[in-house]
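Trainee: Structure incoming, see below.
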Amino acid sequence: MQNDGQRRFALVAGEASGDLLAGLLLDGLLVRWPDLQTAGIGGPRMLAHGFQSWWPQEKLAVRGYIEVLRHYAEIAGIRRQLKARLLQERPQLFIGVDAPDFNLDLEAGLRSRGMKTVHFVCPSIWAWRPERIEKIRAAADHVLCIFPFEPDLLAENGVAASYVGHPVANVIPMIPDKIGARAALGLAPDAPVVALLPGSRRSEIRYLASRFFAAAALMQAARPELQFVAPVIPGLRAEVEALLQASGMAGRVKLLDGQSHTVLAACDATLIASGTATLEAALFKRPMVIAYNMNSLSWGLMRRKQLQPWVGLPNILCRDFVVPELLQEAATPEALAQATLDWLGAPEKTRALQQRFSELHVQLQRDTPTLCADAIQKVLES
């Protein structure tokens with residue numbers, strides 16, 4: 001990031017979902033400012049826009065209190081070094097993309113030294129950890145919100161914000177091409193497909209992948225015609241392959257490097273880790289079983305700070321348990337398998353869910369890249 005008078009923004013996106021959001025954000029920023037230079041921490045979608053990543057994005061992809069503690073020294077060191085570099089190079093704007101545990105403290109430190117800051121994706125203060133509002137107020141000049149109810153909530157607490165829609169809602173077609181997706185993945189067009197998405201973080205793979213593969217074995221025993229496909233982060237493929245081999249499902253689950261959207265378009269139902277991917281599955285109108293399992297101490301701490309009865313984004317946005325959630329001890333292979341098979345045997349229930357997800361899709365569709373660029377331009381001019 002050269003200090004030559006050219007417009008320069010710094011960004012940090014801490015995991016695969018943040019990289020997707022940041023890549024779409026850069027679409028709008030580069031239309032508005034074609035000569036924009038960007039650098040910080042990001043993934044492949046950002047790199048495709050000419051972004052310079054000073055550290056591998058995977059360094060920040062850690063979830064859960066105990067898991068973060070194990071990596072705290074390294075993550076804190078990266079944040080200190082990044083802050084020092086940004087204060088030296090002085091980009092016109094810092095944009096933190098999700099990753100609030102990393103970005104909000106960094107933003108607060110930069111903002112206190114006179115740098116303008118934007119946070120993209122409001123932390124879910126409406127779901128858990130409401131005390132974060134104080135940190136957001138100190139950290140961000142402006143928050144770009146992906147859900148329509150968030151700006152009013154932030155305004156009540158003195159934080160400027162804009163609703164920009166959910167970027168992924170414009171990328172995912174309203175009617176996915178299931179047949180085309182199956183052809184692209186080399187799957188049989190007529191046999192049912194179950195997508196296994198155990199997460200994009202190493203800790204998620206550790207706690208969920210074996211359960212998902214064991215559930216797949218049970219499902220195939222019940223319905224031998226089922227096809228299974230699992231997209232994986234390329235950097236985690238070796239670990240996933242080892243777990244698949246140990247499960248006895250090697251050769252019966254098709255592993256793919258990435259391509260999660262194609263997988264969701266191709267499937268009839270998905271067994272999926274709680275997180276951003278569940279919203280993507282909803283936008284593909286796919287029935288799902290949401291699962292999560294983590295370190296028991298981390299789980300206990302998180303549960304005490306939970307404000308709503310739902311964990312999965314589709315259920316939170318629909319304000320109802322429209323899809324099952326099997327969490328922690330409830331996420332047994334037997335329960336995961338049965339809940340997924342239940343969707344495959346319930347076409348009327350599936351059609352009703354698809355209608356509800358279509359309505360949600362419409363609510364989230366906006367010209368997100370342009371709205372983000374408009375809001376950021378106002379911050380720069382303020």
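How things are named: the first chain in the structure tokens is A, the next is B, and so on; residues count from 1 in each chain; ligands count from 1 in the order shown.
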Write out as an NGL selection string the set of residues from segment 183-345 of chain A that DSSP, computed on the backbone, places in strand (DSSP E or B).

Mentor: :A and (193-197 or 227-232 or 250 or 253-257 or 269-273 or 288-292 or 306 or 325-327)

Trainee: Emit the selected residues as a short mmCIF file (atom, residue, chain, number, x, y, z; two decimals), in the first residue's frame, including C-alpha atoms.

Mentor:
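Heads up, here's the output in again_26.cif:
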```
data_model
loop_
_atom_site.label_atom_id
_atom_site.label_comp_id
_atom_site.auth_asym_id
_atom_site.auth_seq_id
_atom_site.Cartn_x
_atom_site.Cartn_y
_atom_site.Cartn_z
CA VAL A 193 -28.31 -35.29 -3.04
CA VAL A 194 -27.40 -34.38 0.54
CA ALA A 195 -24.84 -31.59 1.05
CA LEU A 196 -22.55 -31.83 4.08
CA LEU A 197 -21.17 -28.47 5.22
CA GLN A 227 -25.50 -39.01 -3.07
CA PHE A 228 -23.31 -37.02 -0.66
CA VAL A 229 -21.16 -34.03 -1.50
CA ALA A 230 -19.06 -31.82 0.78
CA PRO A 231 -17.32 -28.56 -0.16
CA VAL A 232 -14.13 -27.92 1.81
CA ALA A 250 -14.24 -42.44 1.68
CA VAL A 253 -18.79 -38.58 -0.09
CA LYS A 254 -17.62 -36.40 -2.97
CA LEU A 255 -15.18 -33.79 -1.62
CA LEU A 256 -14.81 -30.54 -3.53
CA ASP A 257 -12.42 -27.61 -3.15
CA ALA A 269 -31.24 -31.05 1.69
CA THR A 270 -28.18 -30.02 3.65
CA LEU A 271 -26.65 -30.91 6.98
CA ILE A 272 -24.89 -27.68 7.85
CA ALA A 273 -22.89 -25.96 10.59
CA MET A 288 -31.55 -27.96 6.22
CA VAL A 289 -30.58 -29.35 9.57
CA ILE A 290 -28.44 -26.87 11.50
CA ALA A 291 -25.84 -28.41 13.80
CA TYR A 292 -23.12 -27.15 16.08
CA GLN A 306 -27.77 -15.88 24.26
CA GLU A 325 -31.30 -27.04 15.28
CA LEU A 326 -29.29 -29.86 16.85
CA LEU A 327 -26.66 -28.34 19.09
#
```

Trainee: Residues within 10 Å of Leu218 of chain A, please, as an mmCIF file with C-alpha atoms, in the first residue's frame. Count only C-alpha atoms; anything in the same chain fewer than 4 positions from it doesn't count.

Mentor:
```cif
data_model
loop_
_atom_site.group_PDB
_atom_site.id
_atom_site.type_symbol
_atom_site.label_atom_id
_atom_site.label_comp_id
_atom_site.auth_asym_id
_atom_site.auth_seq_id
_atom_site.Cartn_x
_atom_site.Cartn_y
_atom_site.Cartn_z
ATOM 1 C CA PHE A 212 -21.567 -35.415 9.703
ATOM 2 C CA PHE A 213 -19.795 -38.328 8.025
ATOM 3 C CA ALA A 214 -21.196 -40.779 10.584
ATOM 4 C CA ALA A 222 -31.361 -46.295 5.173
ATOM 5 C CA ARG A 223 -31.413 -44.993 1.591
ATOM 6 C CA PRO A 224 -28.591 -46.453 -0.535
ATOM 7 C CA PRO A 333 -25.029 -38.822 14.206
ATOM 8 C CA GLU A 334 -28.344 -40.629 14.742
ATOM 9 C CA LEU A 336 -28.583 -35.600 12.472
ATOM 10 C CA ALA A 337 -29.308 -38.460 10.082
ATOM 11 C CA GLN A 338 -32.956 -38.783 11.073
ATOM 12 C CA LEU A 341 -34.024 -37.949 6.194
#
```

Trainee: Skip Arg85 of chain A itself and residues of its chain fewer than 3 positions away, then list as a PyMOL selection string all residues within 12 Å of it, counting only C-alpha atoms.

Mentor: chain A and resi 1-3+10+39-40+54+78-82+88-91+106+110

Trainee: Write the residues of the preceding selection, restricted to C-alpha atoms, as a PDB file, in the first residue's frame.

Mentor:
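As a result, selection.pdb now contains:
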```pdb
ATOM      1  CA  MET A   1       0.000   0.000   0.000  1.00  0.00           C
ATOM      2  CA  GLN A   2       1.977   2.945  -1.324  1.00  0.00           C
ATOM      3  CA  ASN A   3       1.774   6.351   0.318  1.00  0.00           C
ATOM      4  CA  ALA A  10      -7.460  -1.052   4.441  1.00  0.00           C
ATOM      5  CA  ALA A  39      -4.616  -4.088   1.607  1.00  0.00           C
ATOM      6  CA  GLY A  40      -4.835  -5.743   5.027  1.00  0.00           C
ATOM      7  CA  TRP A  54      -0.326  -9.044   4.616  1.00  0.00           C
ATOM      8  CA  ILE A  78      -1.032  -9.744  14.319  1.00  0.00           C
ATOM      9  CA  ARG A  79      -3.454  -7.031  15.458  1.00  0.00           C
ATOM     10  CA  ARG A  80      -0.648  -4.993  17.090  1.00  0.00           C
ATOM     11  CA  GLN A  81       1.532  -5.234  14.009  1.00  0.00           C
ATOM     12  CA  LEU A  82      -1.365  -4.391  11.695  1.00  0.00           C
ATOM     13  CA  GLN A  88       2.278   4.543   9.727  1.00  0.00           C
ATOM     14  CA  GLU A  89       0.820   4.259   6.222  1.00  0.00           C
ATOM     15  CA  ARG A  90      -2.433   6.166   7.029  1.00  0.00           C
ATOM     16  CA  PRO A  91      -5.000   4.860   4.507  1.00  0.00           C
ATOM     17  CA  LEU A 106      -8.581  -2.534  16.003  1.00  0.00           C
ATOM     18  CA  LEU A 110      -7.406   3.493  14.700  1.00  0.00           C
TER      19      LEU A 110
END
```

Trainee: Hey, which of A:Glu131, A:Glu329, A:Asp190, A:Asp101 ends up closest to Leu208 of chain A? Count only C-alpha atoms.

Mentor: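 Nearest to Leu208 of chain A: A:Glu329.
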
Trainee: Of the candidates A:Val12, A:Met219, A:Met46, A:Ala155, which one gets nearest to Asn103 of chain A if we count only C-alpha atoms?

Mentor: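 Closest to Asn103 of chain A of all the choices is A:Val12.
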
Trainee: Report as a ChimeraX atom specification all protein, DNA and RNA residues lying within 8 Å of Asp367 of chain A, evaluated on only C-alpha atoms, omitting residues in the same chain fewer than 5 positions from it.

Mentor: /A:164-165,167,170

Trainee: Take the selection from the previous step and output its residues with C-alpha atoms, as a compact mmCIF listing (two decimals), in the first residue's frame.

Mentor:
```txt
# COMPACT_ATOMS: atom_id res chain seq x y z
CA VAL A 164 -27.36 -2.19 2.47
CA GLY A 165 -29.10 -5.53 1.99
CA PRO A 167 -24.82 -9.04 -0.69
CA ASN A 170 -28.03 -10.68 -5.20
```

Trainee: Here is a test: counting only C-alpha atoms, which residue of A:Ala76, A:Ala99, A:Leu313, A:Leu86 is nearest to Gly42 of chain A?

Mentor: A:Ala99
